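**Q** See upload20.cif below, with mmCIF, C-alpha atoms, pLDDT in the B column; chains and numbers go by the auth columns.
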```cif
data_run
#
loop_
_atom_site.group_PDB
_atom_site.id
_atom_site.type_symbol
_atom_site.label_atom_id
_atom_site.label_comp_id
_atom_site.label_asym_id
_atom_site.label_seq_id
_atom_site.Cartn_x
_atom_site.Cartn_y
_atom_site.Cartn_z
_atom_site.B_iso_or_equiv
_atom_site.auth_seq_id
_atom_site.auth_asym_id
ATOM 1 C CA MET A 1 3.247 -22.893 8.163 66.00 1 A
ATOM 2 C CA ASP A 2 6.347 -21.063 6.999 94.00 2 A
ATOM 3 C CA ILE A 3 6.895 -17.303 6.886 96.00 3 A
ATOM 4 C CA ILE A 4 6.256 -17.047 3.121 97.00 4 A
ATOM 5 C CA GLN A 5 2.867 -18.739 3.492 97.00 5 A
ATOM 6 C CA LEU A 6 1.983 -16.491 6.428 97.00 6 A
ATOM 7 C CA LEU A 7 2.914 -13.377 4.449 98.00 7 A
ATOM 8 C CA LEU A 8 0.893 -14.555 1.440 98.00 8 A
ATOM 9 C CA LYS A 9 -2.111 -15.196 3.685 97.00 9 A
ATOM 10 C CA GLU A 10 -1.816 -11.732 5.216 97.00 10 A
ATOM 11 C CA MET A 11 -1.405 -10.130 1.797 98.00 11 A
ATOM 12 C CA ASP A 12 -4.555 -11.850 0.537 98.00 12 A
ATOM 13 C CA GLN A 13 -6.558 -10.848 3.623 97.00 13 A
ATOM 14 C CA GLU A 14 -5.465 -7.211 3.404 97.00 14 A
ATOM 15 C CA ALA A 15 -6.186 -7.172 -0.352 98.00 15 A
ATOM 16 C CA VAL A 16 -9.857 -7.941 0.294 97.00 16 A
ATOM 17 C CA ILE A 17 -10.152 -4.995 2.680 97.00 17 A
ATOM 18 C CA THR A 18 -8.143 -2.692 0.410 98.00 18 A
ATOM 19 C CA ARG A 19 -10.346 -3.502 -2.603 98.00 19 A
ATOM 20 C CA ARG A 20 -13.464 -2.727 -0.581 97.00 20 A
ATOM 21 C CA MET A 21 -12.030 0.626 0.460 97.00 21 A
ATOM 22 C CA LEU A 22 -10.699 1.678 -2.950 98.00 22 A
ATOM 23 C CA GLU A 23 -13.905 0.789 -4.750 97.00 23 A
ATOM 24 C CA ARG A 24 -15.629 3.511 -2.673 97.00 24 A
ATOM 25 C CA VAL A 25 -13.321 6.266 -3.965 98.00 25 A
ATOM 26 C CA PRO A 26 -15.402 8.447 -6.320 97.00 26 A
ATOM 27 C CA ALA A 27 -13.528 9.773 -9.351 97.00 27 A
ATOM 28 C CA ASP A 28 -15.374 13.080 -9.103 98.00 28 A
ATOM 29 C CA LYS A 29 -13.647 13.600 -5.722 98.00 29 A
ATOM 30 C CA PHE A 30 -10.108 12.693 -6.853 98.00 30 A
ATOM 31 C CA ALA A 31 -8.893 16.271 -6.359 97.00 31 A
ATOM 32 C CA TRP A 32 -10.499 16.640 -2.905 98.00 32 A
ATOM 33 C CA LYS A 33 -8.283 17.214 0.145 97.00 33 A
ATOM 34 C CA PRO A 34 -9.388 17.517 3.771 96.00 34 A
ATOM 35 C CA HIS A 35 -6.619 20.037 4.455 96.00 35 A
ATOM 36 C CA GLU A 36 -4.134 22.090 2.441 96.00 36 A
ATOM 37 C CA LYS A 37 -1.234 19.940 3.726 96.00 37 A
ATOM 38 C CA SER A 38 -3.016 16.677 2.910 97.00 38 A
ATOM 39 C CA SER A 39 -2.632 14.635 -0.247 96.00 39 A
ATOM 40 C CA SER A 40 -5.505 14.638 -2.683 97.00 40 A
ATOM 41 C CA MET A 41 -7.860 11.667 -2.558 97.00 41 A
ATOM 42 C CA GLN A 42 -6.420 10.481 -5.882 98.00 42 A
ATOM 43 C CA THR A 43 -2.805 10.715 -4.694 97.00 43 A
ATOM 44 C CA LEU A 44 -3.619 8.818 -1.500 98.00 44 A
ATOM 45 C CA ALA A 45 -5.681 6.149 -3.280 98.00 45 A
ATOM 46 C CA VAL A 46 -3.012 5.591 -5.951 98.00 46 A
ATOM 47 C CA HIS A 47 -0.356 5.285 -3.245 97.00 47 A
ATOM 48 C CA ILE A 48 -2.438 2.612 -1.509 98.00 48 A
ATOM 49 C CA ALA A 49 -2.929 0.783 -4.810 98.00 49 A
ATOM 50 C CA GLU A 50 0.808 0.902 -5.580 97.00 50 A
ATOM 51 C CA LEU A 51 2.051 -0.255 -2.175 97.00 51 A
ATOM 52 C CA PRO A 52 1.735 -4.020 -2.876 98.00 52 A
ATOM 53 C CA SER A 53 4.496 -3.545 -5.471 97.00 53 A
ATOM 54 C CA TRP A 54 6.882 -2.888 -2.573 96.00 54 A
ATOM 55 C CA VAL A 55 6.891 -6.642 -1.941 98.00 55 A
ATOM 56 C CA LYS A 56 8.521 -7.290 -5.308 98.00 56 A
ATOM 57 C CA MET A 57 10.780 -4.256 -4.874 96.00 57 A
ATOM 58 C CA ALA A 58 11.980 -5.546 -1.497 97.00 58 A
ATOM 59 C CA LEU A 59 12.784 -8.955 -2.916 98.00 59 A
ATOM 60 C CA THR A 60 14.504 -7.739 -6.099 97.00 60 A
ATOM 61 C CA THR A 61 16.504 -4.719 -4.897 97.00 61 A
ATOM 62 C CA THR A 62 18.856 -3.867 -2.050 97.00 62 A
ATOM 63 C CA GLU A 63 17.848 -0.269 -1.452 96.00 63 A
ATOM 64 C CA MET A 64 15.794 2.741 -2.388 94.00 64 A
ATOM 65 C CA ASP A 65 17.807 5.922 -2.771 94.00 65 A
ATOM 66 C CA PHE A 66 15.539 8.959 -3.025 92.00 66 A
ATOM 67 C CA ALA A 67 18.465 10.942 -4.460 93.00 67 A
ATOM 68 C CA LYS A 68 18.478 8.628 -7.491 92.00 68 A
ATOM 69 C CA PHE A 69 14.824 7.612 -7.530 82.00 69 A
ATOM 70 C CA ASP A 70 12.632 9.401 -10.067 82.00 70 A
ATOM 71 C CA PHE A 71 9.261 8.041 -8.989 81.00 71 A
ATOM 72 C CA LYS A 72 6.135 9.070 -10.865 87.00 72 A
ATOM 73 C CA PRO A 73 2.826 7.835 -9.434 86.00 73 A
ATOM 74 C CA THR A 74 0.591 5.980 -11.856 93.00 74 A
ATOM 75 C CA VAL A 75 -2.056 8.184 -13.432 94.00 75 A
ATOM 76 C CA VAL A 76 -5.591 6.831 -13.133 97.00 76 A
ATOM 77 C CA LYS A 77 -8.664 8.546 -14.534 97.00 77 A
ATOM 78 C CA ASP A 78 -11.359 6.696 -12.622 98.00 78 A
ATOM 79 C CA THR A 79 -12.088 4.139 -9.923 98.00 79 A
ATOM 80 C CA THR A 80 -11.987 1.255 -12.404 98.00 80 A
ATOM 81 C CA GLU A 81 -8.399 2.112 -13.338 98.00 81 A
ATOM 82 C CA LEU A 82 -7.538 2.505 -9.654 98.00 82 A
ATOM 83 C CA LEU A 83 -8.776 -1.026 -8.952 98.00 83 A
ATOM 84 C CA LYS A 84 -6.925 -2.393 -12.002 98.00 84 A
ATOM 85 C CA LEU A 85 -3.743 -0.810 -10.650 98.00 85 A
ATOM 86 C CA LEU A 86 -4.288 -2.518 -7.302 98.00 86 A
ATOM 87 C CA GLU A 87 -4.785 -5.893 -8.995 98.00 87 A
ATOM 88 C CA LYS A 88 -1.615 -5.391 -11.058 98.00 88 A
ATOM 89 C CA THR A 89 0.549 -4.545 -8.050 98.00 89 A
ATOM 90 C CA LEU A 90 -0.987 -7.328 -5.973 98.00 90 A
ATOM 91 C CA ALA A 91 -0.178 -9.831 -8.722 98.00 91 A
ATOM 92 C CA GLU A 92 3.410 -8.534 -8.978 98.00 92 A
ATOM 93 C CA GLY A 93 3.960 -8.592 -5.228 98.00 93 A
ATOM 94 C CA ARG A 94 2.249 -11.919 -4.704 98.00 94 A
ATOM 95 C CA GLY A 95 4.117 -13.472 -7.631 98.00 95 A
ATOM 96 C CA ALA A 96 7.497 -12.382 -6.282 98.00 96 A
ATOM 97 C CA LEU A 97 6.642 -13.549 -2.778 98.00 97 A
ATOM 98 C CA SER A 98 5.372 -16.915 -4.033 98.00 98 A
ATOM 99 C CA LYS A 99 8.772 -17.577 -5.647 98.00 99 A
ATOM 100 C CA ALA A 100 10.775 -16.425 -2.627 98.00 100 A
ATOM 101 C CA THR A 101 12.384 -18.574 0.016 97.00 101 A
ATOM 102 C CA GLU A 102 12.739 -17.737 3.678 96.00 102 A
ATOM 103 C CA GLU A 103 16.436 -17.109 3.041 97.00 103 A
ATOM 104 C CA ASP A 104 15.425 -14.406 0.528 98.00 104 A
ATOM 105 C CA LEU A 105 13.793 -12.509 3.407 98.00 105 A
ATOM 106 C CA LEU A 106 16.997 -12.209 5.449 98.00 106 A
ATOM 107 C CA PRO A 107 19.298 -9.811 3.535 98.00 107 A
ATOM 108 C CA ASN A 108 19.355 -6.151 4.479 98.00 108 A
ATOM 109 C CA TRP A 109 17.583 -3.482 2.458 98.00 109 A
ATOM 110 C CA THR A 110 18.382 0.228 2.882 97.00 110 A
ATOM 111 C CA LEU A 111 16.180 3.308 2.635 96.00 111 A
ATOM 112 C CA ARG A 112 18.328 6.374 1.963 95.00 112 A
ATOM 113 C CA SER A 113 18.709 9.711 0.280 95.00 113 A
ATOM 114 C CA GLY A 114 22.270 9.820 -0.939 95.00 114 A
ATOM 115 C CA GLU A 115 24.571 9.409 2.056 96.00 115 A
ATOM 116 C CA ARG A 116 21.747 9.913 4.564 97.00 116 A
ATOM 117 C CA VAL A 117 20.443 6.513 5.660 97.00 117 A
ATOM 118 C CA PHE A 118 16.926 6.547 7.074 97.00 118 A
ATOM 119 C CA ASN A 119 16.668 2.889 7.905 96.00 119 A
ATOM 120 C CA VAL A 120 18.140 -0.518 7.279 98.00 120 A
ATOM 121 C CA PHE A 121 15.579 -3.314 7.299 97.00 121 A
ATOM 122 C CA THR A 122 15.696 -6.973 6.442 98.00 122 A
ATOM 123 C CA LYS A 123 13.727 -7.709 3.301 98.00 123 A
ATOM 124 C CA TYR A 124 11.141 -9.376 5.562 98.00 124 A
ATOM 125 C CA GLU A 125 10.801 -6.113 7.483 98.00 125 A
ATOM 126 C CA VAL A 126 10.335 -4.127 4.250 97.00 126 A
ATOM 127 C CA ILE A 127 7.452 -6.426 3.297 98.00 127 A
ATOM 128 C CA ARG A 128 5.872 -6.062 6.754 97.00 128 A
ATOM 129 C CA HIS A 129 6.426 -2.303 6.525 96.00 129 A
ATOM 130 C CA ALA A 130 4.613 -2.244 3.171 97.00 130 A
ATOM 131 C CA PHE A 131 1.665 -4.094 4.712 98.00 131 A
ATOM 132 C CA SER A 132 1.632 -1.631 7.603 97.00 132 A
ATOM 133 C CA GLN A 133 1.724 1.296 5.185 97.00 133 A
ATOM 134 C CA ILE A 134 -1.283 -0.102 3.318 98.00 134 A
ATOM 135 C CA ILE A 135 -3.216 -0.381 6.580 97.00 135 A
ATOM 136 C CA HIS A 136 -2.118 3.083 7.736 98.00 136 A
ATOM 137 C CA HIS A 137 -3.048 4.832 4.489 98.00 137 A
ATOM 138 C CA ARG A 138 -6.273 2.867 4.158 97.00 138 A
ATOM 139 C CA ALA A 139 -7.321 4.259 7.558 96.00 139 A
ATOM 140 C CA GLN A 140 -6.362 7.725 6.360 97.00 140 A
ATOM 141 C CA LEU A 141 -8.544 7.180 3.282 98.00 141 A
ATOM 142 C CA GLY A 142 -11.369 6.141 5.611 96.00 142 A
ATOM 143 C CA VAL A 143 -11.240 9.592 7.203 97.00 143 A
ATOM 144 C CA TYR A 144 -11.433 11.201 3.758 98.00 144 A
ATOM 145 C CA LEU A 145 -14.472 9.088 2.885 97.00 145 A
ATOM 146 C CA ARG A 146 -16.132 9.777 6.224 96.00 146 A
ATOM 147 C CA LEU A 147 -15.721 13.534 5.754 97.00 147 A
ATOM 148 C CA LEU A 148 -17.431 13.196 2.366 97.00 148 A
ATOM 149 C CA HIS A 149 -20.285 11.151 3.906 96.00 149 A
ATOM 150 C CA ILE A 150 -19.323 8.059 1.913 96.00 150 A
ATOM 151 C CA PRO A 151 -20.064 4.851 3.862 95.00 151 A
ATOM 152 C CA ILE A 152 -16.940 3.095 5.068 94.00 152 A
ATOM 153 C CA PRO A 153 -16.590 -0.668 4.684 93.00 153 A
ATOM 154 C CA GLY A 154 -15.530 -2.700 7.680 91.00 154 A
ATOM 155 C CA SER A 155 -11.912 -3.704 7.950 91.00 155 A
ATOM 156 C CA TYR A 156 -11.670 -6.397 10.608 92.00 156 A
ATOM 157 C CA GLY A 157 -15.349 -6.471 11.442 89.00 157 A
ATOM 158 C CA PRO A 158 -18.350 -4.307 10.625 90.00 158 A
ATOM 159 C CA SER A 159 -17.946 -0.545 10.393 91.00 159 A
ATOM 160 C CA ALA A 160 -20.386 1.977 11.861 89.00 160 A
ATOM 161 C CA ASP A 161 -21.920 2.111 8.375 89.00 161 A
ATOM 162 C CA GLU A 162 -22.625 -1.610 8.187 82.00 162 A
ATOM 163 C CA SER A 163 -25.277 -3.421 10.163 71.00 163 A
ATOM 164 C CA PHE A 164 -24.467 -6.479 12.209 62.00 164 A
#
```
Have the structure of the file written as structure tokens, please.

**A**
Amino acid sequence: MDIIQLLLKEMDQEAVITRRMLERVPADKFAWKPHEKSSSMQTLAVHIAELPSWVKMALTTTEMDFAKFDFKPTVVKDTTELLKLLEKTLAEGRGALSKATEEDLLPNWTLRSGERVFNVFTKYEVIRHAFSQIIHHRAQLGVYLRLLHIPIPGSYGPSADESF
């Protein structure tokens, strides 16, 4: 199996878990934060839903420059729109990855703010980083849900809220 097929398989597996987590996010708790320095539940959930689009971004750009980047998170009004956003970004990311070759994964991609370079990755590493960010923020969302007494779905096996 080549790298593209392995990445597609991983993307599909993580999408199942991400859907299960995002479908638990209640719209009436979108503004909730566990701490004043934390993101709101809506901000965190939208970020998770948008992260699959990084796959396409990695494959179609050479850098992200925060000094030039005017990012505006997608506005969603309810959980249904949140899940639609996830499906849209998954389709974009998966579509770009499906058309890619292994050679497309090799060029460098830079994360910067003006002259300050934070990191230089290969495009493969950006995709893996995006997957890791989804997993990281999904776990963060799990803490939010737990604090609100919302049952957490299992990720790689049953959760404490699911029976064996």

**Q** Quick one: distance from atom CA of A:Pro34 to atom CA of A:Arg128 in Å, one decimal?

**A**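 One can read the atom CA of A:Pro34 to atom CA of A:Arg128 distance as 28.2 Å.
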
**Q** Quick one, how far is atom CA of A:Leu86 from atom CA of A:Leu147?

**A**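 Atom-to-atom, atom CA of A:Leu86 to atom CA of A:Leu147, that is 23.6 Å.
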
**Q** Spell out the residues picked by the PyMOL selection byres ((chain A and resi 109) around 8) here, as a list in words.

**A** Ala58, Thr61, Thr62, Glu63, Pro107, Asn108, Thr110, Leu111, Val120, Phe121, Thr122, Lys123 and Val126 of chain A

**Q** When distances are computed from all atoms listed in the file, which of A:Ala91, A:Ala100, A:Ala45, A:Ala67 shows the smallest separation from A:Val117?

**A**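 When distances to A:Val117 are compared using all atoms listed in the file, the smallest one comes from A:Ala67.
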
**Q** Find the residue from A:Asp78, A:Asp161, A:Glu92, A:Asp104 that sits nearest to A:Glu23; use only C-alpha atoms when measuring.

**A**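 Checking each of A:Asp78, A:Asp161, A:Glu92, A:Asp104 against A:Glu23, counting only C-alpha atoms, the winner is A:Asp78.
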
**Q** Between atom CA of A:Glu102 and atom CA of A:Tyr124, what distance in Å does the model show, to one decimal?

**A**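 Those two atoms sit 8.7 Å apart.
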
**Q** Write out as a PyMOL selection string the residues lying within 10 Å of A:Gly114, counting all atoms listed in the file and excluding same-chain residues fewer than 6 positions away.

**A** chain A and resi 64-68

**Q** Would you save the residues of that selection, restricted to C-alpha atoms, as an mmCIF file, keeping the file's coordinate frame?

**A**
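Saved to selection_33.cif:
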```cif
data_model
loop_
_atom_site.group_PDB
_atom_site.id
_atom_site.type_symbol
_atom_site.label_atom_id
_atom_site.label_comp_id
_atom_site.auth_asym_id
_atom_site.auth_seq_id
_atom_site.Cartn_x
_atom_site.Cartn_y
_atom_site.Cartn_z
ATOM 1 C CA MET A 64 15.794 2.741 -2.388
ATOM 2 C CA ASP A 65 17.807 5.922 -2.771
ATOM 3 C CA PHE A 66 15.539 8.959 -3.025
ATOM 4 C CA ALA A 67 18.465 10.942 -4.460
ATOM 5 C CA LYS A 68 18.478 8.628 -7.491
#
```

**Q** Could you give me, as a VMD selection string, the residues within 8 Å of A:Val25, counting only C-alpha atoms and dropping anything in the same chain fewer than 3 positions from it?

**A** chain A and resid 21 to 22 29 to 30 41 45 79 145

**Q** Which neighbours of A:Leu44 fall inside 9 Å, counting only C-alpha atoms, when residues of the same chain fewer than 6 positions from it are skipped, and could you give them as a ChimeraX atom specification?

**A** /A:137-138,140-141

**Q** Okay, now the selection with C-alpha atoms, as a CSV table (one decimal), in the frame of the given file?

**A**
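Full text of result_17.csv as output:
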```
chain,number,residue,atom,x,y,z
A,137,HIS,CA,-3.0,4.8,4.5
A,138,ARG,CA,-6.3,2.9,4.2
A,140,GLN,CA,-6.4,7.7,6.4
A,141,LEU,CA,-8.5,7.2,3.3
```
